[in-house]
2 protein chains.
Amino acid sequence: MLYKNTLRIISLGGFGHVTKNMFVYETERDIIIVDCGVGFPEEEMLGVDLVIPDVSYLMPKKDKIRAIFLTHGHDDHIGALPYILPQLGTRLPVFAPKWAKALVEDKLSEFGIVPNIEEISEGKRVNVGDFSVEFVKVTHSIPDTLHLVIKTPVGLFYHAPDFKLDLRPVMGAPANQELIREIGNRGVVCMLSDSLRAESPGFTPPEARLEEVFEQEIAGCRGKFIVTTMSSNLSRFKQAIDVSLRHNRRIVLVGRSVEKNIEIATKLKYISYPQDTFVSKKLINKYPPHTLTLLVAGSQGQLGSAMDRLVGGEIEQIKIKPGDKVVFSTDYIPGSETAMQNMIDNIYRLGADVAYSDVRSDIHVSGHGSQGDLSKLMELIRPKYLMPIGGNYRHLIAYKKLAIKNGFKDDQVLIKDNGQIAVFTEKGYLPTKEKVDVGQVMVDALGVGDVGNVVLRDRKILSEEGMVVAVLPLDQNTLQLDDEPEIVSRGFVYIKENLELLAETKRGIVKILQEPAGGKFDRRIIREKVQEYLEKFFFDKTGRRPMILVVLVEV
Amino acid sequence: MLYKNTLRIISLGGFGHVTKNMFVYETERDIIIVDCGVGFPEEEMLGVDLVIPDVSYLMPKKDKIRAIFLTHGHDDHIGALPYILPQLGTRLPVFAPKWAKALVEDKLSEFGIVPNIEEISEGKRVNVGDFSVEFVKVTHSIPDTLHLVIKTPVGLFYHAPDFKLDLRPVMGAPANQELIREIGNRGVVCMLSDSLRAESPGFTPPEARLEEVFEQEIAGCRGKFIVTTMSSNLSRFKQAIDVSLRHNRRIVLVGRSVEKNIEIATKLKYISYPQDTFVSKKLINKYPPHTLTLLVAGSQGQLGSAMDRLVGGEIEQIKIKPGDKVVFSTDYIPGSETAMQNMIDNIYRLGADVAYSDVRSDIHVSGHGSQGDLSKLMELIRPKYLMPIGGNYRHLIAYKKLAIKNGFKDDQVLIKDNGQIAVFTEKGYLPTKEKVDVGQVMVDALGVGDVGNVVLRDRKILSEEGMVVAVLPLDQNTLQLDDEPEIVSRGFVYIKENLELLAETKRGIVKILQEPAGGKFDRRIIREKVQEYLEKFFFDKTGRRPMILVVLVEV
């Protein structure tokens, strides 16, 4: 139930998760939403493309929702809009910083949605219902990242997702720490803070450091200089372009996400290069290799990405050759390590050189603040409560340990997991056991939410053991086999080399159905007997437990 | 073809792989084998338990095989023996250092195999056919690790798999560098060397460093002290036990592999503790938590491992509670990162504290030598040729770069990939394009080699898209549908919520088979038409491409 003059903060993507960011700030009368991102399927979510926040909590409260605020343009903060905006109403006001706004408009247009979107920036203020929201420009691995200062009926909240305090950003100015301190002076009830790198000591190095790294790597590169990084990291690409131009190289964009980002950045004047800076990949063979730099999408080795196709030799005009150098300006993302490493092996096999984080650790800097950055923000804001977000559970704990080292008390750091909610009154934090049921909504091709646990469990069995279908043609009167059973299998054993197993299976079924000790089996018993027989038979023969489907056809 | 007075070196596990180590040294008359290890299935090898070397090259040459030498007891060096020894002859002489010998005997006894195995150690010499083999004791993350000095008709070869030059080993003495230098003085043609950590600068820290780490972590632990590491790392466990005893804790072994290693180590007197050092896990609740240390198997978060069951609350006597501390004395192994990290999150959720490599990087030291160790061995042996082994292709390249930095010439470092072989004559290395067909032999439950690419491809489709079986009862004369088709699906969509899709599918099949423009379809055409229709229909409706099986039943 909702108390008068309370604020409830709910994470619909689940607290304790790095991605699918979506936060609800709710008073008795009004709701605002912060971010609306996608998550990436976990290993056991076979065949699933994306995971999105579960908005079932919001559905009965649609009338209360006043606006969605987006903090920056990363997919785990904006990518679920095409799926969720239609559920909440496509004309719901969306507020986004300039770069995110451009990306959102582009993405939604693919889905035929025209959003009601307005640009926000530091210095502006948006009043919606019970809330009044201001913005603080911070630095991150994508342009135009904001923190939100949310005035609520129970006090001021500072919403600080993904950021680092980069004192030398490549694009734009550093965060205005005086402004942040001034906000802290107003008295902040609770700061929700990024915690992803709370395990790492010191400050995250400045993005500008990469220019020197690119300089060192491009020197002595006799062939094509090939750079891959997160396609949304415009500052990184800008540095690669600047270094390349100094070395008299032109730029080739490879991969749709890179092309799109550079195109939008150019249109919105984030970058501005002479027209002849860029060379179409169709014309690449008109230029000597040492005059070209390639910016390529797919730095994590994603299947089907531009890097994957390039390394696989599947891009017609562009081949990796001895003399080329490939720079992976990225860290391993958990789960993608093997794919990236296989790619590095294969580039070496093509005779090119490779630079990656195992051979030089400074080849990437994170967009997330380390302990130094996180502590600095705590010090500037000095809130009554801290609530780590944007990390796995261990990161939330690491953040809490850091806060306690910085002088916060145990009960000032609120650790929320999954469906838990945080309730605040005018007196401060109100402990409650209240939970919200936040599930995982999986997107598989056109289906949103239609793949659930039953389907995943079946896919898991199918993936490891394969399946066998036994079709039994039965006389519809006697329910005796009318013909020999038909056995079809996939992913189980290679049937062409196991014809004897197949024959034995059929004989076994015939035998087991011939034993009616007086009277006939009914359909259920036939099905069960055959199922049971096949399970045991295959397990004895192969040690495997394929999925078995028994189909009765009555004739 | 085999030249007179040549030596061929072949990796049956494939050069450019870290695991499934198996090397063949072959002269005109004789073959010896070095190591016989398993590999771990790659991500796309769905349902596969193990990968073993492909010995088809050896099968026609069985009469030439004189012996198998094992360098140490890690599974990727001995684990394939139960599968491969029966193929080569179970009485083939096997030579192994003491610790590996004990593990091999134990493992083979499970398969009912009694090997013809003899212990080897530094100072011994084994003469087999054209070969004469001596042994050098080195340090690694398992006791009794040897390098081989192989005298062949074309000169001396130094076979140096997994090692580091630990000057302060916890068990046994450091490698005798004077002996190694003396071997170098004899003139080594080629050294095959570990390359796994060739990307890492400096020397790998000594194993003994862990004692101080355990001391720091155990201090202030109010509850159970729980340590997990590679179950074969006896030195690591010894240090954890020694530290625990100093803190008046008894030891509980959790997990079969840990129990077995400690049992063998005790029996063979590698370790020797008073009887009351160990407490059976059944009696654990008789002791206050702060008087216990648990050594637990499953440090990589393997499904079903002791750690997995412990964290999941599935071990009846032992629960993780607030006050306990869990130490993951291990690095992430590629591919297991997500499983380990989920486990760490869940331990925090239970209220215990966790130490792991992200929060303290010195919590694990590798058993493999870094650039310092590798360079030192190059300097001691000073061979004519170097051939990196035991690494992925990028590690081989990193080793080559290191060797060149150390003054070796480009053509002195032999990089071999997969099926390539190295041929040496009395004059040295003989470049050849000769290859051996080394495949991947997959073990899936009882089946060795029966799962191949067709089965894996099917499992892949099944895992991501599921499957649909359409059973068509046809009149055997007219080949017209005799009854409505039966549709069964698994892993595709949740059929109970998609009854309309099911009904539409059936109507579609009926319709498509009703259109014979004069004359009847034959079986092949019926099958193809239905297959094609279903593929298109399901893709239009769901965006997915399930595996479709059409079964005709003629009645």
# chains A, B, ... in the order shown; residues from 1 in each chain; ligands from 1
>>> select_by_dssp(residues="segment 325-535 of chain A", states="alpha helix (DSSP H)", output="number ranges by chain")
A: 337-349, 371-381, 393-405, 453-465, 499-513, 523-535
>>> residues_around(residues="Gly312 of chain A", least_positions_apart="5", cutoff="12 Å", atoms="only C-alpha atoms", output="PyMOL selection string")
chain A and resi 301+303-307+318-320+342-347+349-350
>>> residues_around(residues="Pro485 of chain A", least_positions_apart="5", cutoff="9 Å", atoms="only C-alpha atoms", output="VMD selection string")
chain A and resid 470 to 473 506 to 507 509 to 510
>>> write_last_selection(atoms="C-alpha atoms", output="short mmCIF file (atom, residue, chain, number, x, y, z; two decimals), in the first residue's frame")
data_model
loop_
_atom_site.label_atom_id
_atom_site.label_comp_id
_atom_site.auth_asym_id
_atom_site.auth_seq_id
_atom_site.Cartn_x
_atom_site.Cartn_y
_atom_site.Cartn_z
CA ALA A 470 8.62 -42.32 -32.11
CA VAL A 471 5.50 -42.39 -34.25
CA LEU A 472 3.25 -45.38 -33.55
CA PRO A 473 0.61 -46.21 -36.15
CA LYS A 506 11.87 -50.55 -33.37
CA ARG A 507 12.04 -54.20 -32.37
CA ILE A 509 8.82 -51.08 -29.19
CA VAL A 510 7.06 -53.88 -31.05
#
>>> residues_around(residues="Gln440 of chain B", least_positions_apart="4", cutoff="8 Å", atoms="only C-alpha atoms", output="ChimeraX atom specification")
/B:51-54
>>> write_last_selection(atoms="N, CA, C and O atoms", output="PDB file, in the first residue's frame")
ATOM      1  N   VAL B  51      36.767 -33.647 -24.728  1.00  0.00           N
ATOM      2  CA  VAL B  51      37.353 -33.818 -26.046  1.00  0.00           C
ATOM      3  C   VAL B  51      38.688 -34.526 -25.837  1.00  0.00           C
ATOM      4  O   VAL B  51      39.412 -34.216 -24.893  1.00  0.00           O
ATOM      5  N   ILE B  52      38.976 -35.501 -26.665  1.00  0.00           N
ATOM      6  CA  ILE B  52      40.241 -36.227 -26.514  1.00  0.00           C
ATOM      7  C   ILE B  52      41.029 -36.149 -27.821  1.00  0.00           C
ATOM      8  O   ILE B  52      40.458 -35.860 -28.880  1.00  0.00           O
ATOM      9  N   PRO B  53      42.332 -36.382 -27.749  1.00  0.00           N
ATOM     10  CA  PRO B  53      43.130 -36.346 -28.976  1.00  0.00           C
ATOM     11  C   PRO B  53      42.663 -37.407 -29.976  1.00  0.00           C
ATOM     12  O   PRO B  53      42.108 -38.434 -29.588  1.00  0.00           O
ATOM     13  N   ASP B  54      42.910 -37.109 -31.217  1.00  0.00           N
ATOM     14  CA  ASP B  54      42.520 -38.006 -32.298  1.00  0.00           C
ATOM     15  C   ASP B  54      43.726 -38.883 -32.643  1.00  0.00           C
ATOM     16  O   ASP B  54      44.723 -38.406 -33.163  1.00  0.00           O
TER      17      ASP B  54
END
>>> select_by_dssp(residues="segment 68-126 of chain A", states="strand (DSSP E)", output="JSON, numbers by chain")
{"A": [68, 69, 93, 94, 95, 96, 116, 117, 118, 119, 125, 126]}
>>> write_last_selection(atoms="N, CA and C atoms", output="compact mmCIF listing (two decimals), in the first residue's frame")
# COMPACT_ATOMS: atom_id res chain seq x y z
N ILE A 68 9.29 9.63 -19.02
CA ILE A 68 10.50 8.80 -18.95
C ILE A 68 11.71 9.71 -19.13
N PHE A 69 12.66 9.63 -18.23
CA PHE A 69 13.92 10.35 -18.37
C PHE A 69 15.01 9.38 -18.76
N PRO A 93 5.64 11.46 -22.55
CA PRO A 93 6.80 12.35 -22.73
C PRO A 93 8.12 11.66 -22.36
N VAL A 94 9.07 11.76 -23.27
CA VAL A 94 10.40 11.20 -23.04
C VAL A 94 11.39 12.37 -23.03
N PHE A 95 12.24 12.41 -22.02
CA PHE A 95 13.26 13.46 -21.93
C PHE A 95 14.62 12.81 -22.05
N ALA A 96 15.44 13.34 -22.96
CA ALA A 96 16.74 12.69 -23.19
C ALA A 96 17.77 13.74 -23.57
N ASN A 116 7.37 11.22 -28.36
CA ASN A 116 7.16 12.59 -27.89
C ASN A 116 8.38 12.93 -27.04
N ILE A 117 9.45 13.35 -27.70
CA ILE A 117 10.74 13.41 -27.01
C ILE A 117 11.29 14.83 -26.98
N GLU A 118 11.86 15.18 -25.86
CA GLU A 118 12.36 16.54 -25.66
C GLU A 118 13.79 16.48 -25.13
N GLU A 119 14.60 17.43 -25.59
CA GLU A 119 16.00 17.42 -25.18
C GLU A 119 16.17 18.04 -23.80
N ARG A 125 15.30 22.49 -16.22
CA ARG A 125 14.52 21.89 -15.16
C ARG A 125 13.20 21.40 -15.77
N VAL A 126 12.78 20.22 -15.39
CA VAL A 126 11.50 19.69 -15.88
C VAL A 126 10.61 19.42 -14.68
>>> residues_around(residues="Ser193 of chain B", least_positions_apart="5", cutoff="12 Å", atoms="only C-alpha atoms", output="ChimeraX atom specification")
/B:15,147-148,157-164,198,368-371,373-378,381,383,385-391,395-396,399-400,403,413-415
>>> atom_distance(atom1="atom CA of Lys224 of chain B", atom2="atom CA of Pro288 of chain B")
8.5 Å
>>> atom_distance(atom1="atom CA of Ile548 of chain A", atom2="atom CA of Val551 of chain B")
15.2 Å
>>> residues_around(residues="Gly298 of chain B", least_positions_apart="6", cutoff="12 Å", atoms="only C-alpha atoms", output="PyMOL selection string")
chain B and resi 227-232+254-258+304-311+328-330+336+339-340+343
>>> atom_distance(atom1="atom CA of Ile218 of chain B", atom2="atom CA of Ser357 of chain B")
16.3 Å
>>> residues_around(residues="Val128 of chain A", least_positions_apart="3", cutoff="9 Å", atoms="only C-alpha atoms", output="NGL selection string")
:A and (30-32 or 66-67 or 131-133)
>>> write_last_selection(atoms="all heavy atoms", output="PDB file, in the first residue's frame")
ATOM      1  N   ASP A  30       1.951  10.321  -8.595  1.00  0.00           N
ATOM      2  CA  ASP A  30       2.712  10.390  -9.842  1.00  0.00           C
ATOM      3  C   ASP A  30       3.847   9.372  -9.910  1.00  0.00           C
ATOM      4  O   ASP A  30       4.392   8.959  -8.890  1.00  0.00           O
ATOM      5  CB  ASP A  30       3.316  11.791 -10.001  1.00  0.00           C
ATOM      6  CG  ASP A  30       2.251  12.880 -10.026  1.00  0.00           C
ATOM      7  OD1 ASP A  30       1.354  12.784 -10.880  1.00  0.00           O
ATOM      8  OD2 ASP A  30       2.315  13.779  -9.159  1.00  0.00           O
ATOM      9  N   ILE A  31       4.173   9.050 -11.133  1.00  0.00           N
ATOM     10  CA  ILE A  31       5.320   8.167 -11.395  1.00  0.00           C
ATOM     11  C   ILE A  31       6.191   8.808 -12.458  1.00  0.00           C
ATOM     12  O   ILE A  31       5.674   9.316 -13.463  1.00  0.00           O
ATOM     13  CB  ILE A  31       4.844   6.783 -11.898  1.00  0.00           C
ATOM     14  CG1 ILE A  31       4.328   5.931 -10.728  1.00  0.00           C
ATOM     15  CG2 ILE A  31       5.962   6.036 -12.635  1.00  0.00           C
ATOM     16  CD1 ILE A  31       3.718   4.610 -11.152  1.00  0.00           C
ATOM     17  N   ILE A  32       7.507   8.812 -12.207  1.00  0.00           N
ATOM     18  CA  ILE A  32       8.423   9.044 -13.330  1.00  0.00           C
ATOM     19  C   ILE A  32       9.330   7.830 -13.455  1.00  0.00           C
ATOM     20  O   ILE A  32       9.591   7.115 -12.498  1.00  0.00           O
ATOM     21  CB  ILE A  32       9.266  10.335 -13.174  1.00  0.00           C
ATOM     22  CG1 ILE A  32      10.093  10.305 -11.905  1.00  0.00           C
ATOM     23  CG2 ILE A  32       8.396  11.574 -13.268  1.00  0.00           C
ATOM     24  CD1 ILE A  32      11.108  11.454 -11.809  1.00  0.00           C
ATOM     25  N   ARG A  66       4.118  10.008 -15.651  1.00  0.00           N
ATOM     26  CA  ARG A  66       4.204  11.355 -16.227  1.00  0.00           C
ATOM     27  C   ARG A  66       5.281  11.478 -17.287  1.00  0.00           C
ATOM     28  O   ARG A  66       5.156  12.301 -18.193  1.00  0.00           O
ATOM     29  CB  ARG A  66       4.495  12.385 -15.112  1.00  0.00           C
ATOM     30  CG  ARG A  66       3.485  12.372 -13.965  1.00  0.00           C
ATOM     31  CD  ARG A  66       2.124  12.932 -14.377  1.00  0.00           C
ATOM     32  NE  ARG A  66       1.118  12.576 -13.379  1.00  0.00           N
ATOM     33  CZ  ARG A  66       0.059  11.799 -13.626  1.00  0.00           C
ATOM     34  NH1 ARG A  66      -0.177  11.364 -14.839  1.00  0.00           N
ATOM     35  NH2 ARG A  66      -0.773  11.504 -12.658  1.00  0.00           N
ATOM     36  N   ALA A  67       6.363  10.718 -17.151  1.00  0.00           N
ATOM     37  CA  ALA A  67       7.472  10.906 -18.107  1.00  0.00           C
ATOM     38  C   ALA A  67       8.514   9.811 -17.946  1.00  0.00           C
ATOM     39  O   ALA A  67       8.607   9.151 -16.909  1.00  0.00           O
ATOM     40  CB  ALA A  67       8.146  12.260 -17.879  1.00  0.00           C
ATOM     41  N   PHE A 131       7.137  15.788  -9.109  1.00  0.00           N
ATOM     42  CA  PHE A 131       8.602  15.800  -9.273  1.00  0.00           C
ATOM     43  C   PHE A 131       9.094  17.038 -10.020  1.00  0.00           C
ATOM     44  O   PHE A 131       8.426  17.566 -10.905  1.00  0.00           O
ATOM     45  CB  PHE A 131       9.061  14.561 -10.050  1.00  0.00           C
ATOM     46  CG  PHE A 131       8.650  13.268  -9.409  1.00  0.00           C
ATOM     47  CD1 PHE A 131       7.508  12.597  -9.826  1.00  0.00           C
ATOM     48  CD2 PHE A 131       9.397  12.731  -8.373  1.00  0.00           C
ATOM     49  CE1 PHE A 131       7.129  11.405  -9.237  1.00  0.00           C
ATOM     50  CE2 PHE A 131       9.024  11.535  -7.772  1.00  0.00           C
ATOM     51  CZ  PHE A 131       7.886  10.870  -8.208  1.00  0.00           C
ATOM     52  N   SER A 132      10.278  17.442  -9.641  1.00  0.00           N
ATOM     53  CA  SER A 132      10.966  18.499 -10.368  1.00  0.00           C
ATOM     54  C   SER A 132      12.392  18.012 -10.594  1.00  0.00           C
ATOM     55  O   SER A 132      13.096  17.676  -9.639  1.00  0.00           O
ATOM     56  CB  SER A 132      10.947  19.779  -9.534  1.00  0.00           C
ATOM     57  OG  SER A 132      11.724  20.763 -10.175  1.00  0.00           O
ATOM     58  N   VAL A 133      12.791  17.938 -11.848  1.00  0.00           N
ATOM     59  CA  VAL A 133      14.049  17.265 -12.171  1.00  0.00           C
ATOM     60  C   VAL A 133      15.043  18.226 -12.816  1.00  0.00           C
ATOM     61  O   VAL A 133      14.696  18.945 -13.758  1.00  0.00           O
ATOM     62  CB  VAL A 133      13.797  16.064 -13.119  1.00  0.00           C
ATOM     63  CG1 VAL A 133      15.071  15.258 -13.314  1.00  0.00           C
ATOM     64  CG2 VAL A 133      12.684  15.175 -12.582  1.00  0.00           C
TER      65      VAL A 133
END
>>> closest_residue(among="A:Ile333, A:Val448, A:Leu245, A:Ile150", to="Leu292 of chain A", atoms="only C-alpha atoms")
A:Leu245
>>> closest_residue(among="B:Asp437, B:Asp75, B:Glu211, B:Glu43", to="chain A", atoms="only C-alpha atoms")
B:Glu43
